[in-house]
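Peer 1: Okay, here's the structure, questions in a sec.
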Amino acid sequence: MALHFLVESSTDAGVGDVVSLTGAEAKHAAVVRRLRVGEAVTVGDGAGVWLAGVAEEVAPSRVDVRIEERVEHPAPAPRLVLVQALAKGDRDELAVQAACELGVDEIVPWQAGRSVSRWEGPKAVKGRERWSTIVREAAKQAHRAWVPEVTAPATTKQLAARASTDRVLLLDPTAPVRLSAIEPDGRDLVLVVGPEGGISDEELALLTDAGAERVLLGETVLRTSTAGPAAVAVLSVALGRW
C-alpha cells in the first residue's frame, strides 16, 4: 500500500499538477518514512480529497508529488461521534486514537463529573491540541479521507442539547438494551463513554430526560480506554461501513 500524507489545507490540484509537502510532513516523509523518488504515494486534505501520485522530488524540507488521480469522497452520513470522558493517564488518548482508526467522525472531550483529569484554562487548549494531533496521525495511519474533528470540551448540559437532533447512546453496564440491537434511523449516532468511575446518576438522569438512550455493550465492564473503540466497531457494522 502506498504511503499516505496530509497537506495542511484543502487543495484543488488535479491530474498532472504537483502538490508539495512542507514542514513536519515533508521531514516525516523524507527522513522517517524514507520516501524515494518514483515511489507511489497518496495525499489527502483531511476533508474528502484523495490524490494518488508519484514522488518527483524528495528532501527533508520539501516533497513534490506529481498527481495521477484525484477522487473526492463525500462526508460520511450518518456520522458516528465519540464523546469521550476525560480520564487519568493516557487512557482517554488511547481511546481517541483507536476510535479514529476504526472510523469515528467526530470526537468530543467530556468533562464528566467523575473525571479525575480536569481541563481548565490553558490546559483545555493544550488538551484539545494534543487530541487533534493524535487524531491526525491516526487518520494518516488508517488512510482516511476525512480527518475527524476534535471539538472543544463539552459539559453534560451541552451533551443533553444534542439529543434534540442526534441519537445519543449512553454506554451503561446496567442498561436494559444491548448496543448490538440498535438499528440506525438516519440521525447521527453519538456514543457517550464515561470516566473510570462511570457516569453519575445525576448525569444519567439529565441525559436520559433529554432523550438519550442507555445501552449495554456486553456482559463485561470495559475500561474507558476500550469501551469507546469497541462500541464504534459495533456501530460500524450496524451502519454498513464494515
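Chain labels run A, B, ... following the order of the C-alpha cells; each chain numbers its residues from 1, and ligands are numbered from 1 in the order shown.
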Considering only C-alpha atoms, return as an mmCIF file with all heavy atoms, in the first residue's frame whatever protein or nucleic-acid residues lie within 7 Å of segment 58-66 of chain A, sequence-local ones (same chain, fewer than 3 positions apart) excluded.
Peer 2:
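Once everything was written out, this is around-v3.cif:
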```cif
data_model
loop_
_atom_site.group_PDB
_atom_site.id
_atom_site.type_symbol
_atom_site.label_atom_id
_atom_site.label_comp_id
_atom_site.auth_asym_id
_atom_site.auth_seq_id
_atom_site.Cartn_x
_atom_site.Cartn_y
_atom_site.Cartn_z
ATOM 1 N N GLY A 16 -1.875 15.690 -13.225
ATOM 2 C CA GLY A 16 -0.787 16.413 -13.878
ATOM 3 C C GLY A 16 -0.176 17.509 -13.035
ATOM 4 O O GLY A 16 0.944 17.953 -13.303
ATOM 5 N N ASP A 17 -0.884 17.963 -12.011
ATOM 6 C CA ASP A 17 -0.366 19.010 -11.126
ATOM 7 C C ASP A 17 0.638 18.427 -10.132
ATOM 8 O O ASP A 17 0.711 17.212 -9.916
ATOM 9 C CB ASP A 17 -1.495 19.688 -10.353
ATOM 10 C CG ASP A 17 -2.419 20.481 -11.246
ATOM 11 O OD1 ASP A 17 -1.970 20.893 -12.334
ATOM 12 O OD2 ASP A 17 -3.585 20.681 -10.862
ATOM 13 N N VAL A 18 1.397 19.329 -9.512
ATOM 14 C CA VAL A 18 2.350 18.939 -8.472
ATOM 15 C C VAL A 18 1.871 19.488 -7.139
ATOM 16 O O VAL A 18 1.546 20.669 -7.027
ATOM 17 C CB VAL A 18 3.773 19.472 -8.770
ATOM 18 C CG1 VAL A 18 4.698 19.223 -7.576
ATOM 19 C CG2 VAL A 18 4.334 18.799 -10.012
ATOM 20 N N VAL A 19 1.808 18.613 -6.153
ATOM 21 C CA VAL A 19 1.453 19.000 -4.793
ATOM 22 C C VAL A 19 2.696 18.867 -3.926
ATOM 23 O O VAL A 19 3.410 17.860 -4.002
ATOM 24 C CB VAL A 19 0.332 18.109 -4.232
ATOM 25 C CG1 VAL A 19 0.133 18.363 -2.747
ATOM 26 C CG2 VAL A 19 -0.964 18.371 -4.982
ATOM 27 N N SER A 20 2.976 19.886 -3.126
ATOM 28 C CA SER A 20 4.186 19.889 -2.312
ATOM 29 C C SER A 20 3.857 19.705 -0.835
ATOM 30 O O SER A 20 2.963 20.363 -0.299
ATOM 31 C CB SER A 20 4.951 21.206 -2.492
ATOM 32 O OG SER A 20 5.381 21.354 -3.839
ATOM 33 N N LEU A 21 4.590 18.808 -0.212
ATOM 34 C CA LEU A 21 4.543 18.639 1.235
ATOM 35 C C LEU A 21 5.682 19.447 1.827
ATOM 36 O O LEU A 21 6.810 19.410 1.321
ATOM 37 C CB LEU A 21 4.712 17.164 1.614
ATOM 38 C CG LEU A 21 3.750 16.164 0.988
ATOM 39 C CD1 LEU A 21 4.125 14.751 1.403
ATOM 40 C CD2 LEU A 21 2.319 16.471 1.381
ATOM 41 N N THR A 22 5.403 20.192 2.882
ATOM 42 C CA THR A 22 6.435 21.010 3.515
ATOM 43 C C THR A 22 6.416 20.791 5.025
ATOM 44 O O THR A 22 5.589 20.052 5.542
ATOM 45 C CB THR A 22 6.213 22.503 3.202
ATOM 46 O OG1 THR A 22 4.911 22.893 3.655
ATOM 47 C CG2 THR A 22 6.324 22.770 1.702
ATOM 48 N N GLY A 23 7.326 21.456 5.713
ATOM 49 C CA GLY A 23 7.346 21.410 7.169
ATOM 50 C C GLY A 23 7.534 20.012 7.728
ATOM 51 O O GLY A 23 8.288 19.192 7.192
ATOM 52 N N ALA A 26 6.861 16.978 5.337
ATOM 53 C CA ALA A 26 7.948 16.668 4.404
ATOM 54 C C ALA A 26 9.082 15.941 5.121
ATOM 55 O O ALA A 26 9.631 14.954 4.606
ATOM 56 C CB ALA A 26 8.466 17.952 3.762
ATOM 57 N N LYS A 27 9.425 16.415 6.306
ATOM 58 C CA LYS A 27 10.501 15.764 7.068
ATOM 59 C C LYS A 27 10.118 14.338 7.423
ATOM 60 O O LYS A 27 10.947 13.415 7.351
ATOM 61 C CB LYS A 27 10.791 16.564 8.336
ATOM 62 C CG LYS A 27 11.969 16.022 9.131
ATOM 63 C CD LYS A 27 12.283 16.908 10.328
ATOM 64 C CE LYS A 27 13.478 16.358 11.102
ATOM 65 N NZ LYS A 27 13.809 17.231 12.269
ATOM 66 N N ALA A 30 10.437 12.222 4.182
ATOM 67 C CA ALA A 30 11.798 12.012 3.684
ATOM 68 C C ALA A 30 12.708 11.304 4.683
ATOM 69 O O ALA A 30 13.500 10.432 4.300
ATOM 70 C CB ALA A 30 12.415 13.355 3.294
ATOM 71 N N VAL A 31 12.584 11.670 5.952
ATOM 72 C CA VAL A 31 13.524 11.165 6.953
ATOM 73 C C VAL A 31 12.996 9.931 7.677
ATOM 74 O O VAL A 31 13.714 8.930 7.832
ATOM 75 C CB VAL A 31 13.867 12.274 7.975
ATOM 76 C CG1 VAL A 31 14.823 11.736 9.040
ATOM 77 C CG2 VAL A 31 14.479 13.477 7.268
ATOM 78 N N ARG A 36 11.219 7.675 -1.460
ATOM 79 C CA ARG A 36 12.181 7.787 -2.549
ATOM 80 C C ARG A 36 11.509 8.304 -3.814
ATOM 81 O O ARG A 36 10.310 8.095 -4.018
ATOM 82 C CB ARG A 36 12.831 6.430 -2.839
ATOM 83 C CG ARG A 36 13.645 5.868 -1.673
ATOM 84 C CD ARG A 36 14.899 6.709 -1.443
ATOM 85 N NE ARG A 36 15.714 6.203 -0.329
ATOM 86 C CZ ARG A 36 15.709 6.701 0.887
ATOM 87 N NH1 ARG A 36 14.923 7.747 1.166
ATOM 88 N NH2 ARG A 36 16.481 6.210 1.836
ATOM 89 N N VAL A 37 12.298 8.975 -4.668
ATOM 90 C CA VAL A 37 11.792 9.466 -5.948
ATOM 91 C C VAL A 37 11.261 8.290 -6.764
ATOM 92 O O VAL A 37 11.889 7.232 -6.839
ATOM 93 C CB VAL A 37 12.901 10.202 -6.723
ATOM 94 C CG1 VAL A 37 12.438 10.537 -8.147
ATOM 95 C CG2 VAL A 37 13.312 11.477 -6.002
ATOM 96 N N GLY A 53 -0.382 9.718 -6.589
ATOM 97 C CA GLY A 53 0.666 10.186 -7.484
ATOM 98 C C GLY A 53 1.994 9.535 -7.214
ATOM 99 O O GLY A 53 2.078 8.489 -6.560
ATOM 100 N N VAL A 54 3.037 10.181 -7.731
ATOM 101 C CA VAL A 54 4.402 9.659 -7.629
ATOM 102 C C VAL A 54 5.324 10.765 -7.128
ATOM 103 O O VAL A 54 5.212 11.925 -7.557
ATOM 104 C CB VAL A 54 4.897 9.157 -9.007
ATOM 105 C CG1 VAL A 54 6.357 8.716 -8.913
ATOM 106 C CG2 VAL A 54 4.032 8.007 -9.500
ATOM 107 N N ALA A 55 6.220 10.417 -6.232
ATOM 108 C CA ALA A 55 7.164 11.398 -5.699
ATOM 109 C C ALA A 55 8.171 11.791 -6.777
ATOM 110 O O ALA A 55 8.809 10.933 -7.375
ATOM 111 C CB ALA A 55 7.891 10.814 -4.498
#
```
Peer 1: Identify, on the basis of only C-alpha atoms, every residue whose closest approach to segment 178-189 of chain A does not exceed 9 Å; exclude the query and any residue fewer than 2 positions from it along the same chain; express the result as a list in words.
Peer 2: Ala77, Pro78, Arg79, Leu80, Val81, Leu82, Thr165, Asp166, Arg167, Val168, Leu169, Leu171, Ala175, Pro176, Leu191, Arg214, Val215, Leu216, Leu217, Gly218, Ala231, Val234, Leu235, Ala238 and Leu239 of chain A
Peer 1: I'd like the contact shell of Thr156 of chain A - 12 Å cut-off, only C-alpha atoms, skipping same-chain residues fewer than 5 positions apart - returned as a PDB file with all heavy atoms, in the first residue's frame.
Peer 2:
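Generated file (out_4.pdb):
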```
ATOM      1  N   VAL A  83     -18.147  10.704  22.285  1.00  0.00           N
ATOM      2  CA  VAL A  83     -17.987  11.620  23.412  1.00  0.00           C
ATOM      3  C   VAL A  83     -17.168  10.864  24.459  1.00  0.00           C
ATOM      4  O   VAL A  83     -17.667   9.926  25.085  1.00  0.00           O
ATOM      5  CB  VAL A  83     -19.345  12.043  23.995  1.00  0.00           C
ATOM      6  CG1 VAL A  83     -19.140  12.909  25.241  1.00  0.00           C
ATOM      7  CG2 VAL A  83     -20.162  12.786  22.944  1.00  0.00           C
ATOM      8  N   GLN A  84     -15.913  11.257  24.607  1.00  0.00           N
ATOM      9  CA  GLN A  84     -15.001  10.549  25.494  1.00  0.00           C
ATOM     10  C   GLN A  84     -14.745  11.364  26.758  1.00  0.00           C
ATOM     11  O   GLN A  84     -14.223  12.471  26.697  1.00  0.00           O
ATOM     12  CB  GLN A  84     -13.668  10.278  24.784  1.00  0.00           C
ATOM     13  CG  GLN A  84     -12.592   9.632  25.643  1.00  0.00           C
ATOM     14  CD  GLN A  84     -13.007   8.266  26.151  1.00  0.00           C
ATOM     15  OE1 GLN A  84     -13.409   7.414  25.377  1.00  0.00           O
ATOM     16  NE2 GLN A  84     -12.895   8.054  27.454  1.00  0.00           N
ATOM     17  N   ALA A  85     -15.137  10.793  27.900  1.00  0.00           N
ATOM     18  CA  ALA A  85     -14.873  11.471  29.171  1.00  0.00           C
ATOM     19  C   ALA A  85     -13.377  11.556  29.414  1.00  0.00           C
ATOM     20  O   ALA A  85     -12.620  10.624  29.089  1.00  0.00           O
ATOM     21  CB  ALA A  85     -15.549  10.722  30.317  1.00  0.00           C
ATOM     22  N   VAL A 108     -15.552  14.310  20.898  1.00  0.00           N
ATOM     23  CA  VAL A 108     -15.922  15.367  21.831  1.00  0.00           C
ATOM     24  C   VAL A 108     -15.339  15.057  23.208  1.00  0.00           C
ATOM     25  O   VAL A 108     -15.729  14.067  23.834  1.00  0.00           O
ATOM     26  CB  VAL A 108     -17.453  15.494  21.952  1.00  0.00           C
ATOM     27  CG1 VAL A 108     -17.817  16.626  22.920  1.00  0.00           C
ATOM     28  CG2 VAL A 108     -18.091  15.717  20.586  1.00  0.00           C
ATOM     29  N   PRO A 109     -14.391  15.855  23.700  1.00  0.00           N
ATOM     30  CA  PRO A 109     -13.916  15.673  25.075  1.00  0.00           C
ATOM     31  C   PRO A 109     -15.030  16.058  26.051  1.00  0.00           C
ATOM     32  O   PRO A 109     -15.672  17.083  25.882  1.00  0.00           O
ATOM     33  CB  PRO A 109     -12.723  16.643  25.184  1.00  0.00           C
ATOM     34  CG  PRO A 109     -12.416  17.066  23.778  1.00  0.00           C
ATOM     35  CD  PRO A 109     -13.698  16.971  23.034  1.00  0.00           C
ATOM     36  N   TRP A 110     -15.228  15.208  27.061  1.00  0.00           N
ATOM     37  CA  TRP A 110     -16.306  15.465  28.021  1.00  0.00           C
ATOM     38  C   TRP A 110     -15.736  15.597  29.429  1.00  0.00           C
ATOM     39  O   TRP A 110     -15.080  14.690  29.930  1.00  0.00           O
ATOM     40  CB  TRP A 110     -17.320  14.325  27.970  1.00  0.00           C
ATOM     41  CG  TRP A 110     -18.443  14.431  28.968  1.00  0.00           C
ATOM     42  CD1 TRP A 110     -18.997  15.565  29.471  1.00  0.00           C
ATOM     43  CD2 TRP A 110     -19.149  13.342  29.570  1.00  0.00           C
ATOM     44  NE1 TRP A 110     -20.002  15.266  30.349  1.00  0.00           N
ATOM     45  CE2 TRP A 110     -20.129  13.905  30.435  1.00  0.00           C
ATOM     46  CE3 TRP A 110     -19.065  11.954  29.469  1.00  0.00           C
ATOM     47  CZ2 TRP A 110     -20.987  13.117  31.190  1.00  0.00           C
ATOM     48  CZ3 TRP A 110     -19.927  11.179  30.217  1.00  0.00           C
ATOM     49  CH2 TRP A 110     -20.880  11.755  31.069  1.00  0.00           C
ATOM     50  N   GLN A 111     -15.995  16.755  30.046  1.00  0.00           N
ATOM     51  CA  GLN A 111     -15.588  16.991  31.435  1.00  0.00           C
ATOM     52  C   GLN A 111     -16.672  16.412  32.333  1.00  0.00           C
ATOM     53  O   GLN A 111     -17.535  17.129  32.846  1.00  0.00           O
ATOM     54  CB  GLN A 111     -15.403  18.485  31.683  1.00  0.00           C
ATOM     55  CG  GLN A 111     -14.788  18.829  33.028  1.00  0.00           C
ATOM     56  CD  GLN A 111     -13.308  18.526  33.069  1.00  0.00           C
ATOM     57  OE1 GLN A 111     -12.495  19.233  32.487  1.00  0.00           O
ATOM     58  NE2 GLN A 111     -12.945  17.462  33.766  1.00  0.00           N
ATOM     59  N   ALA A 112     -16.655  15.091  32.504  1.00  0.00           N
ATOM     60  CA  ALA A 112     -17.676  14.423  33.314  1.00  0.00           C
ATOM     61  C   ALA A 112     -17.453  14.705  34.791  1.00  0.00           C
ATOM     62  O   ALA A 112     -16.347  15.050  35.228  1.00  0.00           O
ATOM     63  CB  ALA A 112     -17.650  12.919  33.057  1.00  0.00           C
ATOM     64  N   GLY A 113     -18.509  14.525  35.571  1.00  0.00           N
ATOM     65  CA  GLY A 113     -18.418  14.811  36.994  1.00  0.00           C
ATOM     66  C   GLY A 113     -17.380  13.971  37.712  1.00  0.00           C
ATOM     67  O   GLY A 113     -16.741  14.437  38.666  1.00  0.00           O
ATOM     68  N   ARG A 114     -17.195  12.732  37.277  1.00  0.00           N
ATOM     69  CA  ARG A 114     -16.237  11.845  37.923  1.00  0.00           C
ATOM     70  C   ARG A 114     -14.889  11.769  37.222  1.00  0.00           C
ATOM     71  O   ARG A 114     -14.079  10.915  37.548  1.00  0.00           O
ATOM     72  CB  ARG A 114     -16.844  10.442  38.023  1.00  0.00           C
ATOM     73  CG  ARG A 114     -18.033  10.359  38.981  1.00  0.00           C
ATOM     74  CD  ARG A 114     -18.671   8.985  38.968  1.00  0.00           C
ATOM     75  NE  ARG A 114     -19.748   8.891  39.961  1.00  0.00           N
ATOM     76  CZ  ARG A 114     -20.598   7.864  40.025  1.00  0.00           C
ATOM     77  NH1 ARG A 114     -20.495   6.846  39.165  1.00  0.00           N
ATOM     78  NH2 ARG A 114     -21.545   7.858  40.948  1.00  0.00           N
ATOM     79  N   ALA A 161     -28.210  18.717  25.072  1.00  0.00           N
ATOM     80  CA  ALA A 161     -28.799  19.511  23.996  1.00  0.00           C
ATOM     81  C   ALA A 161     -28.698  18.795  22.653  1.00  0.00           C
ATOM     82  O   ALA A 161     -29.546  18.976  21.772  1.00  0.00           O
ATOM     83  CB  ALA A 161     -28.117  20.871  23.920  1.00  0.00           C
ATOM     84  N   ARG A 162     -27.681  17.956  22.479  1.00  0.00           N
ATOM     85  CA  ARG A 162     -27.512  17.238  21.213  1.00  0.00           C
ATOM     86  C   ARG A 162     -28.608  16.205  21.012  1.00  0.00           C
ATOM     87  O   ARG A 162     -28.898  15.800  19.875  1.00  0.00           O
ATOM     88  CB  ARG A 162     -26.141  16.561  21.154  1.00  0.00           C
ATOM     89  CG  ARG A 162     -24.984  17.509  21.122  1.00  0.00           C
ATOM     90  CD  ARG A 162     -23.676  16.805  20.787  1.00  0.00           C
ATOM     91  NE  ARG A 162     -23.634  16.397  19.397  1.00  0.00           N
ATOM     92  CZ  ARG A 162     -22.511  16.329  18.671  1.00  0.00           C
ATOM     93  NH1 ARG A 162     -21.345  16.641  19.216  1.00  0.00           N
ATOM     94  NH2 ARG A 162     -22.530  15.930  17.419  1.00  0.00           N
ATOM     95  N   ALA A 163     -29.210  15.747  22.105  1.00  0.00           N
ATOM     96  CA  ALA A 163     -30.235  14.715  21.995  1.00  0.00           C
ATOM     97  C   ALA A 163     -31.477  15.202  21.258  1.00  0.00           C
ATOM     98  O   ALA A 163     -32.326  14.388  20.865  1.00  0.00           O
ATOM     99  CB  ALA A 163     -30.612  14.207  23.384  1.00  0.00           C
ATOM    100  N   LEU A 170     -25.839   6.194  25.580  1.00  0.00           N
ATOM    101  CA  LEU A 170     -25.011   6.183  26.785  1.00  0.00           C
ATOM    102  C   LEU A 170     -24.559   4.763  27.073  1.00  0.00           C
ATOM    103  O   LEU A 170     -25.398   3.883  27.292  1.00  0.00           O
ATOM    104  CB  LEU A 170     -25.795   6.723  27.977  1.00  0.00           C
ATOM    105  CG  LEU A 170     -26.557   8.044  27.801  1.00  0.00           C
ATOM    106  CD1 LEU A 170     -27.336   8.345  29.067  1.00  0.00           C
ATOM    107  CD2 LEU A 170     -25.584   9.161  27.476  1.00  0.00           C
ATOM    108  N   VAL A 192     -21.603   8.015  24.139  1.00  0.00           N
ATOM    109  CA  VAL A 192     -21.091   8.694  25.328  1.00  0.00           C
ATOM    110  C   VAL A 192     -20.418   7.667  26.237  1.00  0.00           C
ATOM    111  O   VAL A 192     -21.068   6.719  26.692  1.00  0.00           O
ATOM    112  CB  VAL A 192     -22.218   9.418  26.088  1.00  0.00           C
ATOM    113  CG1 VAL A 192     -21.658  10.125  27.326  1.00  0.00           C
ATOM    114  CG2 VAL A 192     -22.918  10.420  25.172  1.00  0.00           C
ATOM    115  N   VAL A 193     -19.126   7.870  26.489  1.00  0.00           N
ATOM    116  CA  VAL A 193     -18.332   6.968  27.329  1.00  0.00           C
ATOM    117  C   VAL A 193     -17.925   7.709  28.598  1.00  0.00           C
ATOM    118  O   VAL A 193     -17.306   8.773  28.531  1.00  0.00           O
ATOM    119  CB  VAL A 193     -17.076   6.471  26.584  1.00  0.00           C
ATOM    120  CG1 VAL A 193     -16.263   5.527  27.474  1.00  0.00           C
ATOM    121  CG2 VAL A 193     -17.476   5.773  25.296  1.00  0.00           C
ATOM    122  N   GLY A 194     -18.247   7.134  29.724  1.00  0.00           N
ATOM    123  CA  GLY A 194     -17.921   7.767  30.993  1.00  0.00           C
ATOM    124  C   GLY A 194     -16.474   7.571  31.407  1.00  0.00           C
ATOM    125  O   GLY A 194     -15.722   6.828  30.765  1.00  0.00           O
ATOM    126  N   ILE A 199     -20.560   6.981  34.632  1.00  0.00           N
ATOM    127  CA  ILE A 199     -21.449   8.138  34.517  1.00  0.00           C
ATOM    128  C   ILE A 199     -22.291   8.207  35.786  1.00  0.00           C
ATOM    129  O   ILE A 199     -22.883   7.211  36.201  1.00  0.00           O
ATOM    130  CB  ILE A 199     -22.359   8.012  33.284  1.00  0.00           C
ATOM    131  CG1 ILE A 199     -21.507   7.853  32.015  1.00  0.00           C
ATOM    132  CG2 ILE A 199     -23.264   9.227  33.149  1.00  0.00           C
ATOM    133  CD1 ILE A 199     -22.313   7.567  30.759  1.00  0.00           C
ATOM    134  N   SER A 200     -22.344   9.365  36.406  1.00  0.00           N
ATOM    135  CA  SER A 200     -23.078   9.503  37.668  1.00  0.00           C
ATOM    136  C   SER A 200     -24.579   9.405  37.447  1.00  0.00           C
ATOM    137  O   SER A 200     -25.078   9.606  36.322  1.00  0.00           O
ATOM    138  CB  SER A 200     -22.742  10.838  38.330  1.00  0.00           C
ATOM    139  OG  SER A 200     -23.306  11.910  37.602  1.00  0.00           O
ATOM    140  N   GLU A 202     -26.804  11.452  38.457  1.00  0.00           N
ATOM    141  CA  GLU A 202     -27.315  12.770  38.073  1.00  0.00           C
ATOM    142  C   GLU A 202     -27.123  13.012  36.572  1.00  0.00           C
ATOM    143  O   GLU A 202     -28.018  13.562  35.907  1.00  0.00           O
ATOM    144  CB  GLU A 202     -26.609  13.859  38.876  1.00  0.00           C
ATOM    145  CG  GLU A 202     -26.907  13.855  40.370  1.00  0.00           C
ATOM    146  CD  GLU A 202     -26.140  12.770  41.122  1.00  0.00           C
ATOM    147  OE1 GLU A 202     -25.187  12.185  40.539  1.00  0.00           O
ATOM    148  OE2 GLU A 202     -26.500  12.494  42.283  1.00  0.00           O
ATOM    149  N   GLU A 203     -25.974  12.624  36.062  1.00  0.00           N
ATOM    150  CA  GLU A 203     -25.701  12.804  34.633  1.00  0.00           C
ATOM    151  C   GLU A 203     -26.599  11.895  33.799  1.00  0.00           C
ATOM    152  O   GLU A 203     -27.127  12.320  32.758  1.00  0.00           O
ATOM    153  CB  GLU A 203     -24.231  12.512  34.355  1.00  0.00           C
ATOM    154  CG  GLU A 203     -23.297  13.585  34.905  1.00  0.00           C
ATOM    155  CD  GLU A 203     -21.839  13.145  34.913  1.00  0.00           C
ATOM    156  OE1 GLU A 203     -21.565  11.931  34.988  1.00  0.00           O
ATOM    157  OE2 GLU A 203     -20.960  14.028  34.872  1.00  0.00           O
ATOM    158  N   LEU A 204     -26.780  10.650  34.251  1.00  0.00           N
ATOM    159  CA  LEU A 204     -27.674   9.736  33.538  1.00  0.00           C
ATOM    160  C   LEU A 204     -29.088  10.305  33.474  1.00  0.00           C
ATOM    161  O   LEU A 204     -29.751  10.254  32.427  1.00  0.00           O
ATOM    162  CB  LEU A 204     -27.689   8.368  34.228  1.00  0.00           C
ATOM    163  CG  LEU A 204     -26.511   7.439  33.969  1.00  0.00           C
ATOM    164  CD1 LEU A 204     -26.598   6.204  34.865  1.00  0.00           C
ATOM    165  CD2 LEU A 204     -26.454   7.028  32.499  1.00  0.00           C
ATOM    166  N   ALA A 205     -29.546  10.851  34.583  1.00  0.00           N
ATOM    167  CA  ALA A 205     -30.899  11.404  34.630  1.00  0.00           C
ATOM    168  C   ALA A 205     -31.036  12.595  33.692  1.00  0.00           C
ATOM    169  O   ALA A 205     -32.031  12.706  32.943  1.00  0.00           O
ATOM    170  CB  ALA A 205     -31.237  11.817  36.060  1.00  0.00           C
ATOM    171  N   LEU A 206     -30.058  13.493  33.717  1.00  0.00           N
ATOM    172  CA  LEU A 206     -30.114  14.678  32.864  1.00  0.00           C
ATOM    173  C   LEU A 206     -30.120  14.288  31.388  1.00  0.00           C
ATOM    174  O   LEU A 206     -30.903  14.829  30.586  1.00  0.00           O
ATOM    175  CB  LEU A 206     -28.922  15.591  33.167  1.00  0.00           C
ATOM    176  CG  LEU A 206     -28.792  16.860  32.317  1.00  0.00           C
ATOM    177  CD1 LEU A 206     -29.995  17.765  32.512  1.00  0.00           C
ATOM    178  CD2 LEU A 206     -27.502  17.608  32.656  1.00  0.00           C
ATOM    179  N   LEU A 207     -29.284  13.336  31.028  1.00  0.00           N
ATOM    180  CA  LEU A 207     -29.158  12.944  29.628  1.00  0.00           C
ATOM    181  C   LEU A 207     -30.361  12.140  29.147  1.00  0.00           C
ATOM    182  O   LEU A 207     -30.865  12.369  28.039  1.00  0.00           O
ATOM    183  CB  LEU A 207     -27.869  12.146  29.424  1.00  0.00           C
ATOM    184  CG  LEU A 207     -26.576  12.961  29.594  1.00  0.00           C
ATOM    185  CD1 LEU A 207     -25.362  12.046  29.668  1.00  0.00           C
ATOM    186  CD2 LEU A 207     -26.402  13.948  28.442  1.00  0.00           C
ATOM    187  N   THR A 208     -30.835  11.219  29.968  1.00  0.00           N
ATOM    188  CA  THR A 208     -31.998  10.422  29.545  1.00  0.00           C
ATOM    189  C   THR A 208     -33.264  11.264  29.499  1.00  0.00           C
ATOM    190  O   THR A 208     -34.121  11.055  28.630  1.00  0.00           O
ATOM    191  CB  THR A 208     -32.193   9.201  30.466  1.00  0.00           C
ATOM    192  OG1 THR A 208     -32.277   9.635  31.832  1.00  0.00           O
ATOM    193  CG2 THR A 208     -31.043   8.219  30.317  1.00  0.00           C
ATOM    194  N   ALA A 210     -33.358  14.158  28.508  1.00  0.00           N
ATOM    195  CA  ALA A 210     -33.260  14.919  27.258  1.00  0.00           C
ATOM    196  C   ALA A 210     -33.489  14.049  26.024  1.00  0.00           C
ATOM    197  O   ALA A 210     -33.569  14.554  24.906  1.00  0.00           O
ATOM    198  CB  ALA A 210     -31.885  15.588  27.171  1.00  0.00           C
ATOM    199  N   ALA A 212     -31.634  10.853  25.566  1.00  0.00           N
ATOM    200  CA  ALA A 212     -30.546   9.896  25.351  1.00  0.00           C
ATOM    201  C   ALA A 212     -30.998   8.492  25.755  1.00  0.00           C
ATOM    202  O   ALA A 212     -31.882   8.327  26.601  1.00  0.00           O
ATOM    203  CB  ALA A 212     -29.315  10.306  26.149  1.00  0.00           C
TER     204      ALA A 212
END
```
Peer 1: Tell me which of A:Glu149, A:Asp172, A:Glu69, A:Asp90 sits closest to Glu106 of chain A, counting only C-alpha atoms.
Peer 2: A:Glu149
Peer 1: Rounded to one decimal place, report the atom CA of Ala142 of chain A-atom CA of Gly14 of chain A distance in Å.
Peer 2: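 Separation of atom CA of Ala142 of chain A and atom CA of Gly14 of chain A: 23.3 Å.
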Peer 1: Select from segment 6-115 of chain A everything DSSP, run on the backbone, classes as alpha helix (DSSP H), then give the selection as a PyMOL selection string.
Peer 2: chain A and resi 23-27+91-102
Peer 1: Could you turn the residues from that selection into a file that holds N, CA and C atoms, as a compact mmCIF listing (two decimals), in the first residue's frame?
Peer 2:
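File produced: part19.txt:
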```txt
# COMPACT_ATOMS: atom_id res chain seq x y z
N GLY A 23 7.33 21.46 5.71
CA GLY A 23 7.35 21.41 7.17
C GLY A 23 7.53 20.01 7.73
N ALA A 24 6.81 19.74 8.81
CA ALA A 24 6.94 18.46 9.51
C ALA A 24 6.53 17.29 8.63
N GLU A 25 5.54 17.51 7.76
CA GLU A 25 5.07 16.41 6.90
C GLU A 25 6.14 16.00 5.90
N ALA A 26 6.86 16.98 5.34
CA ALA A 26 7.95 16.67 4.40
C ALA A 26 9.08 15.94 5.12
N LYS A 27 9.43 16.41 6.31
CA LYS A 27 10.50 15.76 7.07
C LYS A 27 10.12 14.34 7.42
N ARG A 91 -5.36 7.04 29.21
CA ARG A 91 -6.47 6.17 28.82
C ARG A 91 -7.42 6.83 27.83
N ASP A 92 -7.70 8.13 28.03
CA ASP A 92 -8.57 8.81 27.07
C ASP A 92 -7.89 8.95 25.71
N GLU A 93 -6.58 9.18 25.72
CA GLU A 93 -5.84 9.31 24.46
C GLU A 93 -5.82 7.99 23.69
N LEU A 94 -5.70 6.88 24.40
CA LEU A 94 -5.74 5.57 23.75
C LEU A 94 -7.09 5.34 23.09
N ALA A 95 -8.15 5.76 23.78
CA ALA A 95 -9.50 5.62 23.22
C ALA A 95 -9.66 6.46 21.96
N VAL A 96 -9.16 7.68 22.01
CA VAL A 96 -9.27 8.59 20.86
C VAL A 96 -8.51 8.04 19.66
N GLN A 97 -7.31 7.56 19.90
CA GLN A 97 -6.50 7.02 18.80
C GLN A 97 -7.18 5.83 18.14
N ALA A 98 -7.61 4.86 18.93
CA ALA A 98 -8.23 3.67 18.38
C ALA A 98 -9.54 3.98 17.68
N ALA A 99 -10.35 4.85 18.28
CA ALA A 99 -11.64 5.20 17.68
C ALA A 99 -11.45 5.87 16.32
N CYS A 100 -10.42 6.67 16.20
CA CYS A 100 -10.15 7.32 14.92
C CYS A 100 -9.76 6.29 13.87
N GLU A 101 -8.90 5.36 14.23
CA GLU A 101 -8.50 4.32 13.29
C GLU A 101 -9.70 3.48 12.85
N LEU A 102 -10.67 3.31 13.75
CA LEU A 102 -11.84 2.48 13.47
C LEU A 102 -12.92 3.20 12.68
```
Peer 1: In terms of the shortest atom-to-atom distance over only C-alpha atoms, which of A:Ser115, A:Thr220, A:Ser132, A:Thr42 is closest to His4 of chain A?
Peer 2: A:Thr42
Peer 1: So how many Å separate atom CA of Lys140 of chain A and atom CA of Ala124 of chain A, to one decimal?
Peer 2: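 Between these atoms lies a distance of 24.5 Å.
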